[in-house]
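A.B. asks: Next up is a structure, given as structure tokens.
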Amino acid sequence: MAPVPDLLPVVSERLITLGGSGTPQVSEFAATELGHHLACGPDAAAALLADALDLRHRLPGLWQRLLDGEVDAWRARVVAQETRQLSVEALEWVDARLGETSRSITGVVGQLVAEALRRFDPEKFAQREAARLDGRGVFVERSGPAGVGVTTRVAMVLDTPDVAILDATLDDLATVHAALGDESPLQVRRAKAVGTLTNPQLAMDLLAGDLTTHATSKPTGIATPSKGVWGRSAVVYLHLDACDVTNHVRDGSDGGGRIERLGPATLDLLGEWLRRPGGIAHDGITLRPLLETTRTDSISGRTPPEWMREQVILRDRTCVFPDCTRDARSSDLDHIEPYVEGGPPGQTNPANLAALCRRHHRLKTWTGWTYRRDGWDPDGRPLYEWLDRHGNPALPRHLLEPAGS
């Protein structure tokens, strides 16, 4: 009888963690076997498993919407990946807000993650902020199609206040170039303005209104800036809680604040911006007290006063059309029930006003679209129900697109 060969020893499969905190472990070979059945590599299968585990065990609200067909699988996977770093407590907060938003979840998840980190893990939030600041720089592409010939591509990653000042300065210099007879498109003149900034004295002369020395043709009479290049100022809206500021001064805790249009930031960073020579505090700082956002006063005229406009901006934050992300501060204030000249007094009040960008304001005014306020989300922002010109509900984009689109 032939000898029986020795059998290989049986080794138990290890359990590994693929998803975020709180998800169950799986066999180390589970991804390999799944990849075989799905005809994909083990890395892709492992990523799919991790996303599924996060959705099932960490994002129950979003998971249910996925099962109900309200959310595309690819969008849900994006949320799972973006939120994997969050603690269970922070993720519960995010999941609740995702369930209430009428906007595309992939469009809001980044801001929600940042806000959740600020609220529940300020140390990690500060580390993330520092990592982004370490990525600042001016990058010149010296090779490839954009790095040869008559143009070269330049990319810049700057502090937000510096970007605001630079953007305004380039617009001013582009206006000056037009006044000097340059008929190039605006973006071309802005590009030329960057070259002008390499000569600080020339830039200061032009921005001070000295056009005659540098004009190549008779100035066109276009208004020119009244401030020199070093006197440019940026408007940055910072929302701070007085208690957080007091605690920061007393014991160094950092509750942070929120930069309108951009998201949360630590108080350390905000303080550095305000102290920077020539920065956003160069022309002074305007402090506004807390605005009562539930105020209900009305007026008789069409145009809302400044306090009412500010209240609606702070309340709505963005254009209220489904999925529109245009910020409320650069939007129009629309009368939900159209204003009637000579009509009853009090038509202009916060409850009858909403922020609409110019495109959606025109859509509502001229094409028969209507909307009404329909409840509030957990952050106190109003929710709106829109009807198109035929009376059909206008749903957010993620409820309209076919799965996998």
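Quick note on naming: the chains in the structure tokens go A, B, ... in the order shown, residues restart at 1 in each chain, and ligands are numbered from 1 in order of appearance.
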From a DSSP pass on the backbone, collect the residues of range 177-211 of chain A flagged as helix (DSSP H, G or I) and hand them back as a list in words.
C.D. replies: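 Helix (DSSP H, G or I) members of range 177-211 of chain A, listed: His177, Ala178, Ala179, Leu186, Gln187, Val188, Arg189, Arg190, Ala191, Lys192, Ala193, Val194, Gly195, Thr196, Leu197, Pro200, Gln201, Leu202, Ala203, Met204, Asp205, Leu206 and Leu207 of chain A.
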A.B. asks: Using only N, CA and C atoms, please write the residues we just selected to a file, as a PDB file, in the first residue's frame.
C.D. replies:
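After the write, part.pdb holds the following:
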ATOM      1  N   HIS A 177      -7.240  98.105 -17.401  1.00  0.00           N
ATOM      2  CA  HIS A 177      -6.761  97.758 -18.742  1.00  0.00           C
ATOM      3  C   HIS A 177      -7.811  98.095 -19.803  1.00  0.00           C
ATOM      4  N   ALA A 178      -9.084  97.865 -19.468  1.00  0.00           N
ATOM      5  CA  ALA A 178     -10.144  98.234 -20.408  1.00  0.00           C
ATOM      6  C   ALA A 178     -10.200  99.734 -20.605  1.00  0.00           C
ATOM      7  N   ALA A 179     -10.028 100.493 -19.516  1.00  0.00           N
ATOM      8  CA  ALA A 179     -10.029 101.951 -19.611  1.00  0.00           C
ATOM      9  C   ALA A 179      -8.859 102.461 -20.439  1.00  0.00           C
ATOM     10  N   LEU A 186     -12.610  89.609 -20.588  1.00  0.00           N
ATOM     11  CA  LEU A 186     -12.308  89.845 -19.183  1.00  0.00           C
ATOM     12  C   LEU A 186     -11.213  88.905 -18.674  1.00  0.00           C
ATOM     13  N   GLN A 187     -11.317  87.604 -18.936  1.00  0.00           N
ATOM     14  CA  GLN A 187     -10.339  86.667 -18.399  1.00  0.00           C
ATOM     15  C   GLN A 187      -8.943  86.918 -18.971  1.00  0.00           C
ATOM     16  N   VAL A 188      -8.866  87.345 -20.204  1.00  0.00           N
ATOM     17  CA  VAL A 188      -7.561  87.681 -20.782  1.00  0.00           C
ATOM     18  C   VAL A 188      -6.978  88.893 -20.065  1.00  0.00           C
ATOM     19  N   ARG A 189      -7.835  89.892 -19.783  1.00  0.00           N
ATOM     20  CA  ARG A 189      -7.347  91.069 -19.066  1.00  0.00           C
ATOM     21  C   ARG A 189      -6.954  90.721 -17.632  1.00  0.00           C
ATOM     22  N   ARG A 190      -7.644  89.781 -16.995  1.00  0.00           N
ATOM     23  CA  ARG A 190      -7.243  89.342 -15.657  1.00  0.00           C
ATOM     24  C   ARG A 190      -5.880  88.655 -15.702  1.00  0.00           C
ATOM     25  N   ALA A 191      -5.649  87.880 -16.755  1.00  0.00           N
ATOM     26  CA  ALA A 191      -4.344  87.243 -16.895  1.00  0.00           C
ATOM     27  C   ALA A 191      -3.245  88.286 -17.068  1.00  0.00           C
ATOM     28  N   LYS A 192      -3.516  89.310 -17.858  1.00  0.00           N
ATOM     29  CA  LYS A 192      -2.548  90.390 -18.013  1.00  0.00           C
ATOM     30  C   LYS A 192      -2.325  91.120 -16.691  1.00  0.00           C
ATOM     31  N   ALA A 193      -3.388  91.208 -15.888  1.00  0.00           N
ATOM     32  CA  ALA A 193      -3.276  91.887 -14.589  1.00  0.00           C
ATOM     33  C   ALA A 193      -2.288  91.175 -13.675  1.00  0.00           C
ATOM     34  N   VAL A 194      -2.200  89.844 -13.780  1.00  0.00           N
ATOM     35  CA  VAL A 194      -1.208  89.119 -12.984  1.00  0.00           C
ATOM     36  C   VAL A 194       0.191  89.591 -13.353  1.00  0.00           C
ATOM     37  N   GLY A 195       0.428  89.774 -14.659  1.00  0.00           N
ATOM     38  CA  GLY A 195       1.713  90.302 -15.093  1.00  0.00           C
ATOM     39  C   GLY A 195       1.948  91.708 -14.565  1.00  0.00           C
ATOM     40  N   THR A 196       0.893  92.525 -14.511  1.00  0.00           N
ATOM     41  CA  THR A 196       1.024  93.880 -13.981  1.00  0.00           C
ATOM     42  C   THR A 196       1.457  93.861 -12.519  1.00  0.00           C
ATOM     43  N   LEU A 197       0.968  92.899 -11.755  1.00  0.00           N
ATOM     44  CA  LEU A 197       1.319  92.818 -10.335  1.00  0.00           C
ATOM     45  C   LEU A 197       2.801  92.518 -10.113  1.00  0.00           C
ATOM     46  N   PRO A 200       5.128  96.230  -8.963  1.00  0.00           N
ATOM     47  CA  PRO A 200       4.273  96.830  -7.934  1.00  0.00           C
ATOM     48  C   PRO A 200       4.009  98.316  -8.143  1.00  0.00           C
ATOM     49  N   GLN A 201       5.015  99.072  -8.574  1.00  0.00           N
ATOM     50  CA  GLN A 201       4.816 100.506  -8.749  1.00  0.00           C
ATOM     51  C   GLN A 201       3.811 100.779  -9.859  1.00  0.00           C
ATOM     52  N   LEU A 202       3.922 100.044 -10.968  1.00  0.00           N
ATOM     53  CA  LEU A 202       2.964 100.203 -12.051  1.00  0.00           C
ATOM     54  C   LEU A 202       1.556  99.862 -11.584  1.00  0.00           C
ATOM     55  N   ALA A 203       1.427  98.760 -10.835  1.00  0.00           N
ATOM     56  CA  ALA A 203       0.104  98.367 -10.340  1.00  0.00           C
ATOM     57  C   ALA A 203      -0.475  99.449  -9.433  1.00  0.00           C
ATOM     58  N   MET A 204       0.358 100.020  -8.556  1.00  0.00           N
ATOM     59  CA  MET A 204      -0.129 101.061  -7.657  1.00  0.00           C
ATOM     60  C   MET A 204      -0.555 102.296  -8.438  1.00  0.00           C
ATOM     61  N   ASP A 205       0.212 102.654  -9.471  1.00  0.00           N
ATOM     62  CA  ASP A 205      -0.154 103.820 -10.284  1.00  0.00           C
ATOM     63  C   ASP A 205      -1.504 103.604 -10.966  1.00  0.00           C
ATOM     64  N   LEU A 206      -1.674 102.420 -11.561  1.00  0.00           N
ATOM     65  CA  LEU A 206      -2.910 102.153 -12.299  1.00  0.00           C
ATOM     66  C   LEU A 206      -4.108 102.120 -11.377  1.00  0.00           C
ATOM     67  N   LEU A 207      -3.962 101.482 -10.223  1.00  0.00           N
ATOM     68  CA  LEU A 207      -5.083 101.373  -9.303  1.00  0.00           C
ATOM     69  C   LEU A 207      -5.385 102.699  -8.615  1.00  0.00           C
TER      70      LEU A 207
END
A.B. asks: Go through A:Glu123, A:Glu100, A:Glu13, A:Asp159 and flag the residue nearest Arg381 in chain A, using only C-alpha atoms for the distances.
C.D. replies: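 Nearest candidate to Arg381 in chain A out of A:Glu123, A:Glu100, A:Glu13, A:Asp159: A:Glu100.
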A.B. asks: Can you tell me, as a list in words, what residues are no more than 12 Å from Gly375 in chain A when counting only C-alpha atoms, ignoring any on the same chain fewer than 2 positions away?
C.D. replies: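 Here the qualifying residues turn out to be Glu100, Thr101, Ser102, Arg372, Arg373, Asp377, Pro378, Asp379, Gly380, Arg381, Pro382, Leu383, Tyr384 and Glu385 of chain A.
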A.B. asks: When you look at Leu133 in chain A with a cut-off of 9 Å (counting only C-alpha atoms), what residues show up, excluding the ones that are within fewer than 5 positions of it in the same chain? I need them as a PyMOL selection string.
C.D. replies: chain A and resi 128+157-159
A.B. asks: In Å, with one decimal, what is the gap from CA of Gly110 in chain A to CA of Leu356 in chain A?
C.D. replies: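 Separating CA of Gly110 in chain A from CA of Leu356 in chain A is a distance of 22.8 Å.
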A.B. asks: Rank A:Thr348, A:Ala126, A:Gly99, A:Ala52 by their smallest atom-to-atom distance to Glu70 in chain A, using only C-alpha atoms, and report the top residue only.
C.D. replies: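 That would be A:Gly99, the residue with the smallest distance to Glu70 in chain A.
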A.B. asks: Which of these residues is nearest to Glu141 in chain A, using only C-alpha atoms: A:Leu53, A:Arg275, A:Asp43, A:Arg153?
C.D. replies: A:Arg153
A.B. asks: Residues within 12 Å of Leu363 in chain A, please, as a PyMOL selection string. Count only C-alpha atoms; anything in the same chain fewer than 5 positions from it doesn't count.
C.D. replies: chain A and resi 321+334+356-358+368-371+386-389
